[in-house]
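Source file: work.csv. Holds: CSV, C-alpha atoms.
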```csv
chain,number,residue,atom,x,y,z
A,557,MET,CA,-45.8,-30.6,-73.5
A,558,ALA,CA,-44.7,-27.5,-75.4
A,559,THR,CA,-46.9,-24.5,-74.9
A,560,GLU,CA,-49.1,-24.1,-77.9
A,561,THR,CA,-50.2,-20.9,-79.6
A,562,GLU,CA,-53.9,-20.4,-79.9
A,563,PHE,CA,-56.1,-19.3,-82.7
A,564,PRO,CA,-57.3,-15.7,-82.3
A,565,LYS,CA,-60.6,-15.2,-80.5
A,566,TRP,CA,-63.9,-14.0,-82.1
A,567,GLU,CA,-67.1,-12.9,-80.4
A,568,VAL,CA,-70.2,-14.4,-81.9
A,569,PHE,CA,-73.5,-12.5,-82.3
A,570,THR,CA,-76.6,-14.3,-83.7
A,571,GLN,CA,-79.9,-13.1,-85.0
A,572,ILE,CA,-82.6,-15.4,-83.9
A,573,LYS,CA,-85.2,-14.4,-86.5
A,574,PRO,CA,-85.2,-11.9,-89.4
A,575,GLY,CA,-85.6,-8.4,-88.0
A,576,ALA,CA,-84.4,-9.2,-84.5
A,577,ASN,CA,-81.4,-7.7,-82.7
A,578,TYR,CA,-78.1,-9.5,-82.9
A,579,ILE,CA,-77.4,-11.0,-79.5
A,580,HIS,CA,-74.1,-12.1,-78.1
A,581,ALA,CA,-73.9,-15.9,-78.1
A,582,GLY,CA,-70.4,-16.5,-77.0
A,583,MET,CA,-66.8,-16.8,-78.3
A,584,ILE,CA,-64.9,-19.1,-80.6
A,585,HIS,CA,-61.3,-19.5,-81.8
A,586,ALA,CA,-60.5,-19.2,-85.6
A,587,THR,CA,-57.6,-18.2,-87.8
A,588,ASP,CA,-59.6,-16.2,-90.3
A,589,LYS,CA,-63.1,-14.8,-91.1
A,590,GLU,CA,-64.3,-17.8,-93.0
A,591,MET,CA,-63.3,-20.2,-90.3
A,592,ALA,CA,-64.8,-17.9,-87.6
A,593,LEU,CA,-68.2,-18.0,-89.4
A,594,GLN,CA,-68.1,-21.7,-89.8
A,595,ASN,CA,-67.1,-22.4,-86.2
A,596,ALA,CA,-69.7,-20.0,-84.9
A,597,ARG,CA,-72.3,-21.7,-86.9
A,598,ASP,CA,-71.3,-25.2,-85.7
A,599,THR,CA,-71.0,-24.1,-82.1
A,600,TYR,CA,-73.9,-21.7,-81.6
A,601,THR,CA,-76.6,-22.6,-84.2
A,602,ARG,CA,-77.0,-26.4,-84.2
A,603,ARG,CA,-80.8,-26.1,-83.7
A,604,GLY,CA,-81.6,-23.4,-86.2
A,605,GLU,CA,-81.2,-20.7,-83.5
A,606,GLY,CA,-79.9,-18.3,-86.1
A,607,THR,CA,-80.8,-16.7,-89.4
A,608,SER,CA,-77.6,-14.7,-89.5
A,609,ILE,CA,-74.3,-14.5,-87.7
A,610,TRP,CA,-71.8,-11.7,-87.0
A,611,VAL,CA,-68.3,-12.6,-85.9
A,612,VAL,CA,-66.0,-9.8,-84.5
A,613,PRO,CA,-62.4,-10.2,-83.4
A,614,SER,CA,-62.5,-10.1,-79.6
A,615,HIS,CA,-59.8,-7.5,-79.4
A,616,ALA,CA,-61.9,-5.1,-81.4
A,617,ILE,CA,-64.6,-5.0,-78.7
A,618,VAL,CA,-64.4,-2.0,-76.4
A,619,ALA,CA,-66.3,-2.5,-73.2
A,620,SER,CA,-67.2,0.1,-70.6
A,621,ASN,CA,-65.5,-0.3,-67.2
A,622,PRO,CA,-67.7,-1.5,-64.3
A,623,ASP,CA,-66.0,1.1,-62.0
A,624,ASP,CA,-67.2,3.9,-64.2
A,625,LYS,CA,-70.8,2.7,-64.2
A,626,GLU,CA,-72.2,5.7,-62.1
A,627,MET,CA,-70.3,8.4,-64.0
A,628,PHE,CA,-71.1,6.8,-67.3
A,629,PHE,CA,-74.8,6.0,-67.0
A,630,ASP,CA,-76.2,8.2,-64.2
A,631,PRO,CA,-76.5,11.5,-66.1
A,632,ALA,CA,-79.6,10.1,-67.8
A,633,ASN,CA,-81.5,9.9,-64.5
A,634,ASP,CA,-82.1,13.7,-64.3
A,635,LYS,CA,-83.4,13.9,-67.9
A,636,ILE,CA,-86.7,12.2,-67.3
A,637,TYR,CA,-88.3,14.6,-69.9
A,638,ARG,CA,-86.9,12.0,-72.3
A,639,LEU,CA,-89.6,9.6,-71.3
A,640,PRO,CA,-93.2,9.9,-72.5
A,641,THR,CA,-94.5,9.5,-69.0
A,642,PHE,CA,-93.1,12.9,-68.1
A,643,TYR,CA,-95.8,14.7,-70.0
A,644,VAL,CA,-99.3,15.4,-68.7
A,645,MET,CA,-101.9,14.9,-71.5
A,646,PRO,CA,-105.2,16.7,-71.4
A,647,GLU,CA,-108.1,14.4,-70.4
A,648,GLY,CA,-110.0,13.0,-73.3
A,649,ALA,CA,-107.1,13.0,-75.7
A,650,LYS,CA,-107.0,9.7,-77.5
A,651,ALA,CA,-104.3,7.6,-79.3
A,652,ILE,CA,-101.4,9.6,-77.9
B,925,MET,CA,-48.7,6.7,-49.5
B,926,GLU,CA,-49.2,4.9,-52.8
B,927,LEU,CA,-49.6,1.5,-51.0
B,928,LYS,CA,-52.3,2.9,-48.8
B,929,GLU,CA,-54.2,4.2,-51.8
B,930,ASP,CA,-53.9,0.8,-53.5
B,931,ILE,CA,-55.4,-0.8,-50.4
B,932,ASN,CA,-58.3,1.7,-50.4
B,933,ILE,CA,-59.1,1.0,-54.1
B,934,GLN,CA,-59.0,-2.8,-53.3
B,935,ASN,CA,-61.4,-2.3,-50.4
B,936,VAL,CA,-63.9,-0.3,-52.5
B,937,ALA,CA,-63.7,-2.8,-55.3
B,938,MET,CA,-64.3,-5.7,-52.9
B,939,SER,CA,-67.2,-4.0,-51.3
B,940,ILE,CA,-68.8,-3.7,-54.7
B,941,PHE,CA,-68.4,-7.5,-55.1
B,942,ASP,CA,-69.9,-8.1,-51.7
B,943,ARG,CA,-72.8,-5.8,-52.5
B,944,LYS,CA,-73.5,-7.6,-55.8
B,945,MET,CA,-73.4,-10.9,-53.9
B,946,GLU,CA,-75.9,-9.6,-51.4
B,947,MET,CA,-78.2,-8.3,-54.1
B,948,ASP,CA,-77.9,-11.5,-56.1
B,949,GLU,CA,-76.5,-9.6,-59.1
B,950,PRO,CA,-74.4,-11.6,-61.5
B,951,ILE,CA,-70.6,-11.1,-61.5
B,952,GLU,CA,-69.2,-10.2,-65.0
B,953,PRO,CA,-65.7,-10.7,-66.3
B,954,LYS,CA,-64.5,-7.2,-65.8
B,955,ASP,CA,-65.9,-6.9,-62.3
B,956,HIS,CA,-63.5,-7.1,-59.3
B,957,MET,CA,-63.6,-10.5,-57.7
B,958,PRO,CA,-61.6,-12.1,-54.9
B,959,ASP,CA,-58.7,-14.3,-56.1
B,960,GLY,CA,-60.3,-17.3,-54.4
B,961,TYR,CA,-63.6,-16.8,-56.3
B,962,ARG,CA,-61.7,-16.7,-59.6
B,963,LYS,CA,-59.6,-19.7,-58.7
B,964,HIS,CA,-62.7,-21.7,-57.6
B,965,LEU,CA,-64.5,-20.9,-60.8
B,966,ILE,CA,-61.5,-21.8,-63.0
B,967,ARG,CA,-61.2,-25.1,-61.3
B,968,GLN,CA,-64.9,-26.0,-61.4
B,969,MET,CA,-65.6,-24.6,-64.9
B,970,SER,CA,-62.6,-26.1,-66.6
B,971,GLN,CA,-63.4,-29.5,-64.9
B,972,HIS,CA,-66.9,-29.1,-66.3
B,973,ALA,CA,-65.6,-28.3,-69.8
B,974,HIS,CA,-63.1,-31.3,-69.7
B,975,SER,CA,-66.0,-33.6,-68.6
B,976,GLU,CA,-68.0,-32.7,-71.7
B,977,VAL,CA,-65.1,-33.4,-74.0
B,978,ILE,CA,-63.9,-36.6,-72.3
B,979,GLY,CA,-67.5,-37.6,-72.1
B,980,MET,CA,-67.6,-38.0,-75.9
B,981,GLN,CA,-65.3,-41.0,-75.7
B,982,PRO,CA,-67.4,-43.8,-74.1
B,983,GLU,CA,-70.2,-43.0,-76.5
B,984,GLY,CA,-68.1,-42.3,-79.6
B,985,ASN,CA,-67.1,-45.9,-79.5
B,986,TRP,CA,-70.6,-46.9,-80.4
B,987,ILE,CA,-71.3,-44.6,-83.5
B,988,THR,CA,-70.1,-47.2,-86.0
B,989,ARG,CA,-72.0,-50.0,-84.1
B,990,ALA,CA,-75.4,-48.2,-83.5
B,991,PRO,CA,-78.2,-50.7,-84.3
B,992,SER,CA,-80.0,-48.5,-86.9
B,993,LEU,CA,-79.4,-45.4,-89.0
B,994,ARG,CA,-81.8,-43.5,-86.8
B,995,ALA,CA,-79.9,-44.5,-83.7
B,996,LYS,CA,-76.6,-43.5,-85.4
B,997,GLN,CA,-77.8,-40.1,-86.4
B,998,ILE,CA,-79.1,-39.4,-82.9
B,999,LEU,CA,-75.9,-40.6,-81.2
B,1000,LEU,CA,-73.8,-38.4,-83.6
B,1001,ALA,CA,-76.0,-35.4,-82.8
B,1002,LYS,CA,-75.7,-36.0,-79.1
B,1003,ILE,CA,-71.9,-36.3,-79.2
B,1004,GLN,CA,-71.6,-33.2,-81.3
B,1005,ASP,CA,-73.7,-31.4,-78.6
B,1006,GLU,CA,-71.2,-32.6,-75.9
B,1007,CYS,CA,-68.4,-31.1,-77.9
B,1008,GLY,CA,-70.4,-27.9,-78.3
B,1009,HIS,CA,-71.0,-27.8,-74.5
B,1010,GLY,CA,-67.3,-28.2,-73.9
B,1011,LEU,CA,-66.7,-25.2,-76.2
B,1012,TYR,CA,-69.3,-23.0,-74.4
B,1013,LEU,CA,-67.6,-23.8,-71.1
B,1014,TYR,CA,-64.0,-23.3,-72.3
B,1015,SER,CA,-65.1,-19.9,-73.7
B,1016,ALA,CA,-66.8,-19.0,-70.5
B,1017,THR,CA,-63.7,-20.0,-68.5
B,1018,GLU,CA,-61.4,-18.0,-70.7
B,1019,THR,CA,-63.2,-14.9,-69.6
B,1020,LEU,CA,-61.5,-15.5,-66.2
B,1021,GLY,CA,-58.1,-15.0,-67.7
B,1022,ILE,CA,-56.9,-18.5,-68.4
B,1023,SER,CA,-56.1,-19.6,-71.9
B,1024,ARG,CA,-57.6,-22.6,-73.6
B,1025,ALA,CA,-54.1,-24.0,-74.2
B,1026,GLU,CA,-53.4,-23.7,-70.5
B,1027,MET,CA,-56.6,-25.6,-69.6
B,1028,ILE,CA,-55.7,-28.4,-72.0
B,1029,ALA,CA,-52.2,-28.6,-70.6
B,1030,GLN,CA,-53.6,-28.8,-67.1
B,1031,LEU,CA,-55.9,-31.7,-68.2
B,1032,HIS,CA,-52.9,-33.5,-69.7
B,1033,SER,CA,-50.7,-33.0,-66.7
B,1034,GLY,CA,-53.5,-34.3,-64.4
B,1035,LYS,CA,-53.8,-30.9,-62.5
B,1036,ALA,CA,-57.3,-30.5,-63.9
B,1037,LYS,CA,-59.8,-33.2,-63.4
B,1038,TYR,CA,-62.9,-34.3,-65.3
B,1039,SER,CA,-66.0,-36.2,-64.1
B,1040,ASN,CA,-65.2,-39.6,-62.6
B,1041,ILE,CA,-68.1,-41.2,-64.5
B,1042,PHE,CA,-66.2,-41.2,-67.8
B,1043,ASN,CA,-63.6,-43.5,-66.4
B,1044,TYR,CA,-66.1,-46.3,-66.7
B,1045,PRO,CA,-66.4,-48.3,-70.0
B,1046,ALA,CA,-69.5,-48.4,-72.3
B,1047,LEU,CA,-69.5,-52.2,-72.8
B,1048,ASN,CA,-72.6,-52.6,-75.0
B,1049,TRP,CA,-75.5,-50.8,-76.6
B,1050,ALA,CA,-77.5,-50.8,-73.4
B,1051,ASP,CA,-74.7,-48.8,-71.8
B,1052,VAL,CA,-75.4,-46.0,-74.4
B,1053,GLY,CA,-79.0,-46.0,-73.1
B,1054,ALA,CA,-77.9,-46.0,-69.5
B,1055,ILE,CA,-75.4,-43.2,-70.1
B,1056,GLY,CA,-78.0,-40.9,-71.7
B,1057,TRP,CA,-80.7,-41.7,-69.1
B,1058,LEU,CA,-78.7,-41.8,-65.9
B,1059,VAL,CA,-75.4,-39.9,-66.5
B,1060,ASP,CA,-77.0,-37.1,-68.5
B,1061,GLY,CA,-79.9,-37.2,-66.1
B,1062,ALA,CA,-77.6,-36.6,-63.2
B,1063,ALA,CA,-75.7,-34.0,-65.1
B,1064,ILE,CA,-79.0,-32.1,-65.9
B,1065,VAL,CA,-80.0,-32.0,-62.2
B,1066,ASN,CA,-76.7,-30.4,-61.4
B,1067,GLN,CA,-76.8,-28.1,-64.4
B,1068,VAL,CA,-80.3,-26.9,-63.8
B,1069,SER,CA,-79.2,-25.7,-60.4
B,1070,LEU,CA,-76.1,-24.1,-61.9
B,1071,GLN,CA,-78.2,-21.9,-64.2
B,1072,ARG,CA,-78.5,-19.6,-61.1
B,1073,THR,CA,-74.8,-19.6,-60.4
B,1074,SER,CA,-73.3,-16.1,-59.6
B,1075,TYR,CA,-70.8,-15.8,-62.5
B,1076,GLY,CA,-72.6,-14.5,-65.5
B,1077,PRO,CA,-70.8,-16.3,-68.3
B,1078,TYR,CA,-71.1,-19.6,-66.5
B,1079,SER,CA,-74.8,-19.1,-65.8
B,1080,ARG,CA,-75.4,-18.2,-69.5
B,1081,ALA,CA,-73.5,-21.3,-70.7
B,1082,MET,CA,-75.6,-23.4,-68.3
B,1083,VAL,CA,-78.9,-22.0,-69.7
B,1084,ARG,CA,-77.9,-22.9,-73.2
B,1085,ILE,CA,-76.6,-26.3,-72.2
B,1086,CYS,CA,-79.8,-27.2,-70.3
B,1087,LYS,CA,-81.9,-26.3,-73.3
B,1088,GLU,CA,-80.0,-28.8,-75.4
B,1089,GLU,CA,-79.4,-31.5,-72.8
B,1090,SER,CA,-83.0,-32.8,-72.2
B,1091,PHE,CA,-83.0,-34.5,-75.6
B,1092,HIS,CA,-79.9,-36.5,-74.4
B,1093,GLN,CA,-81.7,-37.9,-71.4
B,1094,ARG,CA,-84.8,-38.7,-73.5
B,1095,GLN,CA,-82.9,-40.6,-76.1
B,1096,GLY,CA,-81.2,-42.7,-73.4
B,1097,TYR,CA,-84.5,-43.5,-71.7
B,1098,GLU,CA,-85.9,-44.4,-75.1
B,1099,ILE,CA,-83.1,-46.9,-75.7
B,1100,MET,CA,-83.7,-48.5,-72.3
B,1101,THR,CA,-87.5,-48.6,-72.9
B,1102,LYS,CA,-87.0,-50.3,-76.2
B,1103,MET,CA,-84.7,-52.9,-74.7
B,1104,MET,CA,-87.1,-53.6,-71.8
B,1105,ARG,CA,-89.9,-54.2,-74.4
B,1106,GLY,CA,-87.6,-56.6,-76.3
B,1107,THR,CA,-86.3,-60.1,-75.8
B,1108,LYS,CA,-85.3,-61.7,-72.5
B,1109,GLU,CA,-81.6,-61.1,-73.4
B,1110,GLN,CA,-82.3,-57.5,-74.2
B,1111,ARG,CA,-84.0,-57.0,-70.8
B,1112,GLU,CA,-81.1,-58.6,-69.1
B,1113,MET,CA,-78.7,-56.3,-70.9
B,1114,ALA,CA,-80.7,-53.2,-69.9
B,1115,GLN,CA,-80.8,-54.4,-66.2
B,1116,ASP,CA,-77.1,-55.2,-66.3
B,1117,ALA,CA,-76.3,-51.7,-67.6
B,1118,MET,CA,-78.5,-50.2,-64.9
B,1119,ASN,CA,-76.7,-52.2,-62.2
B,1120,ARG,CA,-73.3,-50.9,-63.4
B,1121,TRP,CA,-74.2,-47.3,-64.0
B,1122,TRP,CA,-76.5,-46.6,-61.0
B,1123,TRP,CA,-74.0,-46.2,-58.3
B,1124,PRO,CA,-71.4,-44.3,-60.3
B,1125,SER,CA,-74.2,-41.9,-61.3
B,1126,LEU,CA,-75.0,-41.2,-57.7
B,1127,MET,CA,-71.3,-40.5,-57.1
B,1128,MET,CA,-71.4,-37.8,-59.8
B,1129,PHE,CA,-72.9,-35.4,-57.2
B,1130,GLY,CA,-69.7,-35.7,-55.1
B,1131,PRO,CA,-69.1,-36.5,-51.5
B,1132,HIS,CA,-71.8,-36.2,-48.8
B,1133,ASP,CA,-72.3,-32.6,-47.5
B,1134,SER,CA,-70.6,-33.5,-44.3
B,1135,ASP,CA,-67.3,-34.4,-46.2
B,1136,SER,CA,-67.4,-32.0,-49.1
B,1137,PRO,CA,-64.2,-29.9,-49.0
B,1138,HIS,CA,-65.2,-27.0,-51.3
B,1139,THR,CA,-68.8,-26.5,-50.3
B,1140,GLY,CA,-68.3,-23.6,-47.8
B,1141,ASP,CA,-66.8,-21.1,-50.3
B,1142,ALA,CA,-69.0,-22.3,-53.1
B,1143,PHE,CA,-72.1,-21.4,-51.1
B,1144,LYS,CA,-70.7,-18.2,-49.7
B,1145,TRP,CA,-70.0,-17.0,-53.3
B,1146,LYS,CA,-73.3,-18.4,-54.7
B,1147,ILE,CA,-71.4,-20.5,-57.2
B,1148,LYS,CA,-73.3,-23.4,-55.8
B,1149,ARG,CA,-77.0,-23.0,-54.8
B,1150,GLN,CA,-77.9,-26.5,-53.7
B,1151,SER,CA,-75.8,-29.1,-51.8
B,1152,ASN,CA,-74.5,-32.4,-53.2
B,1153,ASP,CA,-76.9,-34.4,-51.1
B,1154,GLU,CA,-79.9,-32.2,-52.1
B,1155,LEU,CA,-79.1,-32.6,-55.8
B,1156,ARG,CA,-78.5,-36.3,-55.4
B,1157,ALA,CA,-81.9,-36.8,-53.7
B,1158,LYS,CA,-83.6,-34.9,-56.5
B,1159,PHE,CA,-82.0,-37.2,-59.0
B,1160,ILE,CA,-83.0,-40.4,-57.1
B,1161,ASP,CA,-86.6,-39.3,-56.6
B,1162,LYS,CA,-87.3,-38.7,-60.3
B,1163,THR,CA,-85.2,-41.6,-61.6
B,1164,VAL,CA,-86.7,-44.3,-59.4
B,1165,GLN,CA,-90.2,-43.6,-60.9
B,1166,GLN,CA,-88.8,-43.7,-64.4
B,1167,ALA,CA,-87.2,-47.1,-63.7
B,1168,GLU,CA,-90.4,-48.5,-62.3
B,1169,VAL,CA,-92.4,-47.5,-65.4
B,1170,ILE,CA,-90.2,-49.6,-67.7
B,1171,GLY,CA,-89.7,-52.4,-65.3
B,1172,LEU,CA,-86.0,-51.9,-64.3
B,1173,THR,CA,-84.9,-52.6,-60.8
B,1174,VAL,CA,-82.8,-50.1,-58.9
B,1175,PRO,CA,-79.8,-52.1,-57.6
B,1176,ASP,CA,-80.2,-50.9,-54.0
B,1177,LYS,CA,-81.9,-53.2,-51.5
B,1178,GLU,CA,-82.1,-50.4,-48.9
B,1179,LEU,CA,-83.9,-48.0,-51.3
B,1180,ARG,CA,-87.1,-46.9,-49.5
B,1181,TRP,CA,-89.5,-43.9,-49.7
B,1182,ASN,CA,-89.2,-41.8,-46.6
B,1183,GLU,CA,-92.5,-40.2,-46.1
B,1184,GLU,CA,-91.2,-37.8,-43.4
B,1185,LYS,CA,-88.4,-36.4,-45.6
B,1186,LYS,CA,-90.4,-36.8,-48.8
B,1187,HIS,CA,-87.3,-38.4,-50.4
B,1188,TYR,CA,-85.9,-41.9,-50.9
B,1189,ASP,CA,-83.5,-43.2,-48.4
B,1190,HIS,CA,-80.7,-45.1,-50.2
B,1191,GLY,CA,-78.0,-47.6,-49.2
B,1192,PRO,CA,-74.4,-46.6,-48.5
B,1193,ILE,CA,-72.3,-45.3,-51.5
B,1194,ASN,CA,-69.0,-47.0,-52.0
B,1195,TRP,CA,-66.8,-43.9,-51.4
B,1196,ALA,CA,-63.6,-46.0,-51.4
B,1197,GLU,CA,-64.3,-46.8,-55.1
B,1198,PHE,CA,-65.0,-43.1,-55.8
B,1199,TYR,CA,-61.7,-42.0,-54.4
B,1200,LYS,CA,-59.9,-44.9,-56.1
B,1201,VAL,CA,-61.2,-43.7,-59.5
B,1202,ILE,CA,-60.3,-40.1,-58.7
B,1203,ALA,CA,-56.8,-41.1,-57.8
B,1204,GLY,CA,-56.5,-42.6,-61.3
B,1205,PHE,CA,-57.3,-46.2,-60.8
B,1206,GLY,CA,-60.7,-46.5,-62.5
B,1207,PRO,CA,-61.2,-48.9,-65.3
B,1208,CYS,CA,-60.5,-46.4,-68.1
B,1209,ASN,CA,-58.5,-43.5,-66.7
B,1210,ASN,CA,-55.4,-44.2,-68.7
B,1211,GLN,CA,-57.3,-45.0,-71.9
B,1212,ARG,CA,-59.3,-41.7,-71.7
B,1213,MET,CA,-56.3,-39.5,-71.1
B,1214,GLU,CA,-54.0,-41.3,-73.6
B,1215,HIS,CA,-56.7,-41.0,-76.3
B,1216,HIS,CA,-57.2,-37.2,-75.7
B,1217,LYS,CA,-53.4,-36.7,-75.9
B,1218,LYS,CA,-53.1,-38.8,-79.0
B,1219,ILE,CA,-55.9,-37.0,-80.9
B,1220,HIS,CA,-54.6,-33.6,-79.7
B,1221,ALA,CA,-51.1,-34.4,-81.0
B,1222,GLU,CA,-52.4,-35.9,-84.3
B,1223,GLY,CA,-54.4,-32.7,-84.9
B,1224,ALA,CA,-51.4,-30.5,-84.6
B,1225,TRP,CA,-50.8,-30.4,-88.4
B,1226,VAL,CA,-54.3,-29.1,-88.9
B,1227,ARG,CA,-53.7,-26.2,-86.5
B,1228,GLU,CA,-50.4,-25.5,-88.1
B,1229,ALA,CA,-51.9,-25.5,-91.6
B,1230,ALA,CA,-54.6,-23.1,-90.5
B,1231,GLU,CA,-52.0,-20.7,-89.0
B,1232,ALA,CA,-49.9,-21.0,-92.2
B,1233,HIS,CA,-52.9,-20.3,-94.4
B,1234,ARG,CA,-53.6,-17.1,-92.3
B,1235,ALA,CA,-50.0,-16.0,-92.5
B,1236,LYS,CA,-49.9,-16.5,-96.3
B,1237,HIS,CA,-53.1,-14.4,-96.7
B,1238,GLN,CA,-51.9,-11.7,-94.4
B,1239,ARG,CA,-48.7,-11.3,-96.5
B,1240,GLN,CA,-50.7,-10.9,-99.7
```
Spit out the file's structure as C-alpha cells when you get a sec.
Amino acid sequence: MATETEFPKWEVFTQIKPGANYIHAGMIHATDKEMALQNARDTYTRRGEGTSIWVVPSHAIVASNPDDKEMFFDPANDKIYRLPTFYVMPEGAKAI
Amino acid sequence: MELKEDINIQNVAMSIFDRKMEMDEPIEPKDHMPDGYRKHLIRQMSQHAHSEVIGMQPEGNWITRAPSLRAKQILLAKIQDECGHGLYLYSATETLGISRAEMIAQLHSGKAKYSNIFNYPALNWADVGAIGWLVDGAAIVNQVSLQRTSYGPYSRAMVRICKEESFHQRQGYEIMTKMMRGTKEQREMAQDAMNRWWWPSLMMFGPHDSDSPHTGDAFKWKIKRQSNDELRAKFIDKTVQQAEVIGLTVPDKELRWNEEKKHYDHGPINWAEFYKVIAGFGPCNNQRMEHHKKIHAEGAWVREAAEAHRAKHQRQ
C-alpha cells in the first residue's frame, strides 16, 4: 500500500456550558477550518457536551517542556504574599 | 565527553519517569519514557482503536434490518459511538509519535491486531443484543480498569469512552430481555446467541495470567492495573446474575459459585480456538479485513477532493 498523506491535525477545545472555560477535548484531522469544526462536533459533542467549540491547528500550540518545570513554575513559591491567606486580619473584621 | 553527557541526561530523564511511576503521576506526551513503554502503548492503544473501528462491521450489517425505527436509531447511534471511540484512541496514540496512516497500514499488513471477538459473525437480531450485552459488557470491565492507566491521553480517552459505553450494554440487554419475553422461537434465538457469544466474550480478556506474555511490563509500567483473570472474574460475576434475571442459561455446566473465592468457577476455555482465530482462521477474519481495505480504497477520492479543495483555497 502506498504511504498516504494525512490531513493536518487540529486540537479541539469545548465549552461545556455558557460562561465555562474551554477545555481540551482531543484532536481531529481536517483539511480546513470548516471541516475541522464539523469533525470536532461529530467526534467530541455527540451528547450535547458543548455549547461552543474552538479548533486550533496543532502546530500552533506551544507547550512548556516538562524538563523546565522547576525553573518555569517554582519562582511563584516564594511569593506567597500573592495569596489572601498570607495576611493577618484583625479579629472581628467581617466579610473580608 | 559528549557521549558521557548524553548518558547522564538519559539517566536523569529516566529517573523522572521512575519517580512519576512511583508517585502514580500520569505520564504525558512530552515526558521522557522508556522505548519499551512507548512501544507497548502503541501496540495496545492502536489495537484498541482498530477494535473499535472493526467492531462496527458485525453490527453495521443489521442497520437496514433492525426490527423497528427505534431499534434502528439506537443501533446507528451506537455504531457512530464506536467510530468516535476509534477516533479518540487514534488521536491518543498519535501523541506517541506514530501517524494515523502508519497505524492503518499496520492494520492492513496484519502487523497490528484488533480484538478477536469481531472475527465472529452476527447471524441474526439476537446477536446484536448479545454483542451489546456481552461484548460491550466485557469491554466495559476492561475499560473501567484502564481509566487508571498511567499514560494521560489513554486514560482520558478511557474516561470519555466509559461514559458513553454503558448505553451500549443496556441497549443490548434490553434486546435480549425483549426476546426472552417473546415467543418460543425468540427465546430460542436469544439462547442460541448467548451460547455462541459467551465463550468468545470470556476470551476477550486474553490468556490466563499464568500464560500472558505482556503482563509483566504492563504491570510494572502501570499500563494495566488488574490482571486478565481478575477482570474476567468481574465480568462473569455480574453477567451471570443478569442472565438469571431474564431466564437465559450460561452455556457452562461447570459454572458454580465459589463461596471461598467469592467468584464463580468456570469450565475450561477453548484456548486452541482463541489462538486459531488470532492466527487468522476465525469465521470472518478475511471478510473484516477485506471490507476495511475496500472501504479505505473507495474513500480515497474523498480525501483527494478535500486536499484539492484546500489547495485551491490556499492559492486564492
*Using all atoms listed in the file, find the residues of chain B whose closest atom to chain A is at most 9 Å away, then write them as a PyMOL selection string.*
chain B and resi 937+952+954-956+1005+1007-1009+1011-1012+1015-1016+1023-1026+1029+1032-1033+1077+1081+1088+1227+1230-1231+1233-1234
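Polymer residues near (-72.9, -38.6, -79.5): counting all atoms listed in the file with a cut-off of 7 Å, they are Met980, Glu983, Gly984, Leu999, Leu1000, Ala1001, Lys1002, Ile1003 and Gln1004 of chain B.
Going from atom CA of Trp1121 of chain B over to atom CA of Ala973 of chain B, you cover 21.6 Å.
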*Would you kindly return, as a ChimeraX atom specification, each protein, DNA or RNA residue with an atom no farther than 7 Å from any atom of Met1100 of chain B, considering only C-alpha atoms and excluding same-chain residues fewer than 4 positions away?*
/B:1050,1053-1054,1096,1104,1114
*For Ala1046 of chain B, which residue out of B:Arg1180, B:Ala1117, B:Ser1074, B:Gly1061 is the nearest one, using all atoms listed in the file?*
B:Ala1117
_Which residue is closest to Asn1066 of chain B? Choose from B:His1190, B:Arg994, B:His972, B:Arg1120 and count all atoms listed in the file._
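Answer, going by the shortest atom-to-atom distance: B:His972.
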*Closest to Leu593 of chain A among A:Thr570, A:Asn577, A:Asn633, A:Thr641, using only C-alpha atoms?*
A:Thr570
*Name the residues within 9 Å of (-77.3, -35.5, -63.4), counting all atoms listed in the file in the file's coordinates, and put them as a ChimeraX atom specification.*
/B:1058-1067,1125-1126,1128-1129,1155-1156,1159
*Nearest to Thr1173 of chain B: which of B:Arg1111, B:Lys1158, B:His964, B:His1092 is it, counting only C-alpha atoms?*
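Distance minimum relative to Thr1173 of chain B lands on B:Arg1111.
Interatomic distance, atom CA of Glu949 of chain B against atom CA of Lys1144 of chain B: 14.0 Å.
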*Counting only C-alpha atoms, figure out which residue out of A:Tyr578, A:Phe628, A:Tyr643, A:Trp566 gets nearest to Asn595 of chain A.*
A:Trp566
_Å distance separating atom CA of Ile1202 of chain B from atom CA of Met1118 of chain B, one decimal place_ =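 That distance, rounded to one decimal, is 21.7 Å.
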*Please provide the set of residues having any atom within 9 Å of segment 1131-1137 of chain B, restricted to all atoms listed in the file, with same-chain residues fewer than 6 positions apart removed, written as an NGL selection string.*
:B and (1151-1154 or 1195 or 1198)
*For segment 573-576 of chain A, work out the shell of residues within 12 Å, counting only C-alpha atoms and skipping chain neighbours fewer than 3 positions away, then give it as number ranges by chain.*
A: 569-570, 579, 604-609
*Tell me, as a list in words, which residues lie within 12 Å of Gln997 of chain B, counting only C-alpha atoms; anything in the same chain fewer than 6 positions away does not count.*
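Counting only C-alpha atoms, the residues come to Trp986, Ile987, Thr988, Arg989, Ala990, Pro991, Ile1003, Gln1004 and Gln1095 of chain B.
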_I'd like the neighbourhood of segment 1140-1143 of chain B as a PyMOL selection string, where a residue qualifies if any of its atoms comes within 9 Å (using all atoms listed in the file), though same-chain residues fewer than 5 positions away should be ignored._
chain B and resi 960-961+964+1148-1151
Restricting it to C-alpha atoms, dump the selection as a PDB file, keeping the file's coordinate frame.
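The file below, out-v9.pdb, is the result:
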```
ATOM      1  CA  GLY B 960     -60.300 -17.300 -54.400  1.00  0.00           C
ATOM      2  CA  TYR B 961     -63.600 -16.800 -56.300  1.00  0.00           C
ATOM      3  CA  HIS B 964     -62.700 -21.700 -57.600  1.00  0.00           C
ATOM      4  CA  LYS B1148     -73.300 -23.400 -55.800  1.00  0.00           C
ATOM      5  CA  ARG B1149     -77.000 -23.000 -54.800  1.00  0.00           C
ATOM      6  CA  GLN B1150     -77.900 -26.500 -53.700  1.00  0.00           C
ATOM      7  CA  SER B1151     -75.800 -29.100 -51.800  1.00  0.00           C
TER       8      SER B1151
END
```
